[in-house]
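Novice: This is the structure, below, for whatever I ask next.
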Amino acid sequence: MDLEVVQGDITTQDVDAVVNAANRAMRGGGGVDGAIHRAGGPEVLEDCRRRFPHGLATGEAGWTTAGQMSAHWVIHVVGPNYRGGERDRSLLTSCYANALAVADELGATSIAFPLISAGIYGWPFDDAVDAAVDTLRSTTTNVGTARLVAFDASAYEAIERRVST
Ligand code: AR6
């Protein structure tokens, strides 16, 4: 699998599936979640309600339509809320691994990830980067291209440095 790093907005990535950093309720929120629901439109929330009436557990992944976005699917994951005391790292790495498993079920061959838990949920940045890169590199998948999307220049540089070592 190719691992790419870009700086930009997750909602405008030209890939089969974009990953949402959701919460357990799966009814929208701030950060990536807010941007994805705004860009995808109301169909994304409708599909969340229909397919996930009870939401999703931390560390798990599930898909919905991407609505108006150019991607076909949103793969929602629930990262651990470090700020709220969820500090089991395996819950973070399982988000990446489970998202790739869902992509395989869908037949998605390209997927874009934000840096899960690194924003509102407060996971320490460098370890969030390590967890993303290590898990994407070590997971067996039919996905051909995984893209890590950094929101700003400093995040881009940090991820790029980590990927090139
Ligand atoms: N595109 C790419 N990256 C982004 C974007 C964007 N449009 N917006 C923010 N980031 P966060 P979390 C970066 O907070 O920490 C929501 O309320 C951001 O700079 O979106 O998993 C949910 O509903 C950071 O590096 O996700 C949950 O309640 C990374 O994406 C909670 O926040 C993740 O930041 C989830 O928090």
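Labeling convention for the structure tokens: chains A, B, ... as they appear, residues from 1 per chain, ligands from 1 in order of appearance.
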Fewer than 6 positions away in the same chain doesn't count, so skip those; otherwise give me all residues within 8 Å of Pro80 in chain A, counting only C-alpha atoms, as a list in words.
Specialist: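 Close residues of Pro80 in chain A: Thr58, Gly59, Glu86, Arg87, Asp88, Leu91, Leu92, Ser117 and Tyr121 of chain A.
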Novice: So which residues are near ligand 1, meaning at most 9 Å away with only C-alpha atoms and all ligand atoms counted, given back as a PyMOL selection string?
Specialist: chain A and resi 7-12+20-36+77-82+113-123+125+128+148-152+155
Novice: Taking only C-alpha atoms into account, which of A:Leu3, A:Cys95, A:Val18, A:Ala71 comes nearest Ala57 in chain A?
Specialist: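 Checking each candidate against Ala57 in chain A, we get A:Cys95 as the closest.
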Novice: Mind listing the strand (DSSP E) residues of chain A, per DSSP on the backbone, as a VMD selection string?
Specialist: chain A and resid 2 to 7 17 to 22 61 to 65 73 to 78 110 to 113 145 to 150
Novice: Using the selection just defined, write its residues with N, CA and C atoms as a compact mmCIF listing (two decimals), in the first residue's frame.
Specialist:
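See selection_22.txt below for the written result:
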```txt
# COMPACT_ATOMS: atom_id res chain seq x y z
N ASP A 2 0.50 2.23 -0.83
CA ASP A 2 1.19 3.52 -0.80
C ASP A 2 0.63 4.37 0.32
N LEU A 3 1.53 5.02 1.05
CA LEU A 3 1.11 5.94 2.10
C LEU A 3 1.51 7.35 1.68
N GLU A 4 0.49 8.18 1.44
CA GLU A 4 0.73 9.56 1.01
C GLU A 4 0.45 10.52 2.17
N VAL A 5 1.08 11.67 2.14
CA VAL A 5 0.79 12.73 3.11
C VAL A 5 0.47 14.00 2.33
N VAL A 6 -0.65 14.63 2.64
CA VAL A 6 -0.98 15.90 1.99
C VAL A 6 -1.43 16.87 3.07
N GLN A 7 -1.35 18.15 2.74
CA GLN A 7 -1.96 19.17 3.59
C GLN A 7 -3.26 19.60 2.95
N ALA A 17 -13.00 6.67 -0.28
CA ALA A 17 -13.58 6.81 1.07
C ALA A 17 -12.79 7.81 1.90
N VAL A 18 -13.53 8.66 2.63
CA VAL A 18 -12.88 9.56 3.60
C VAL A 18 -13.26 9.09 5.00
N VAL A 19 -12.30 9.20 5.90
CA VAL A 19 -12.52 8.75 7.28
C VAL A 19 -12.96 9.93 8.13
N ASN A 20 -14.00 9.71 8.93
CA ASN A 20 -14.49 10.72 9.85
C ASN A 20 -14.03 10.40 11.27
N ALA A 21 -13.51 11.43 11.95
CA ALA A 21 -13.17 11.32 13.38
C ALA A 21 -14.43 11.65 14.17
N ALA A 22 -15.28 10.64 14.35
CA ALA A 22 -16.61 10.83 14.92
C ALA A 22 -16.58 10.63 16.44
N ALA A 61 -15.31 1.01 13.56
CA ALA A 61 -15.49 1.72 12.30
C ALA A 61 -16.73 1.23 11.59
N GLY A 62 -17.41 2.13 10.88
CA GLY A 62 -18.58 1.76 10.09
C GLY A 62 -18.79 2.78 8.99
N TRP A 63 -19.47 2.38 7.91
CA TRP A 63 -19.57 3.28 6.75
C TRP A 63 -20.97 3.84 6.56
N THR A 64 -21.01 5.01 5.90
CA THR A 64 -22.25 5.58 5.37
C THR A 64 -21.94 6.15 3.99
N THR A 65 -22.98 6.62 3.33
CA THR A 65 -22.80 7.41 2.12
C THR A 65 -21.92 8.63 2.44
N TRP A 73 -17.89 7.00 -0.03
CA TRP A 73 -18.28 6.60 1.32
C TRP A 73 -17.56 7.44 2.37
N VAL A 74 -18.22 7.58 3.52
CA VAL A 74 -17.54 8.02 4.73
C VAL A 74 -17.36 6.79 5.61
N ILE A 75 -16.15 6.57 6.05
CA ILE A 75 -15.90 5.52 7.04
C ILE A 75 -15.71 6.23 8.38
N HIS A 76 -16.71 6.07 9.26
CA HIS A 76 -16.69 6.74 10.56
C HIS A 76 -15.91 5.88 11.55
N VAL A 77 -15.03 6.51 12.29
CA VAL A 77 -14.35 5.81 13.38
C VAL A 77 -14.51 6.66 14.64
N VAL A 78 -14.44 6.00 15.78
CA VAL A 78 -14.52 6.73 17.05
C VAL A 78 -13.18 6.56 17.76
N SER A 110 -8.89 3.50 -2.39
CA SER A 110 -8.17 4.69 -1.92
C SER A 110 -8.96 5.30 -0.77
N ILE A 111 -8.23 5.75 0.23
CA ILE A 111 -8.87 6.21 1.47
C ILE A 111 -8.05 7.34 2.07
N ALA A 112 -8.74 8.36 2.58
CA ALA A 112 -8.05 9.49 3.21
C ALA A 112 -8.41 9.54 4.68
N PHE A 113 -7.39 9.68 5.52
CA PHE A 113 -7.56 9.72 6.98
C PHE A 113 -7.18 11.08 7.53
N THR A 145 -3.99 2.89 -1.88
CA THR A 145 -3.45 4.19 -1.44
C THR A 145 -4.16 4.66 -0.19
N ALA A 146 -3.39 4.91 0.86
CA ALA A 146 -3.91 5.56 2.06
C ALA A 146 -3.25 6.93 2.13
N ARG A 147 -4.07 7.93 2.37
CA ARG A 147 -3.57 9.31 2.40
C ARG A 147 -3.84 9.88 3.78
N LEU A 148 -2.79 10.39 4.40
CA LEU A 148 -2.97 11.10 5.68
C LEU A 148 -3.09 12.58 5.36
N VAL A 149 -4.19 13.17 5.82
CA VAL A 149 -4.46 14.57 5.51
C VAL A 149 -4.17 15.42 6.75
N ALA A 150 -3.16 16.28 6.61
CA ALA A 150 -2.80 17.21 7.69
C ALA A 150 -3.52 18.51 7.46
```
Novice: So what do you get for CA of Ala66 in chain A versus CA of Thr93 in chain A, distance-wise?
Specialist: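 That distance, rounded to one decimal, is 23.4 Å.
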Novice: Point out the residue among A:Ala99, A:Leu136, A:Leu56, A:Val129 with the least atom-to-atom distance to Arg162 in chain A, counting only C-alpha atoms.
Specialist: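 Closest to Arg162 in chain A of all the choices is A:Val129.
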Novice: Using DSSP on the backbone, list every residue of chain A that comes out as helix (DSSP H, G or I), and give them as a PyMOL selection string.
Specialist: chain A and resi 10-12+31-40+42-51+82-84+89-106+125-138+153-163
Novice: Find the distance between CA of Val143 in chain A and CA of Ser70 in chain A and write it in Å to one decimal.
Specialist: 17.9 Å
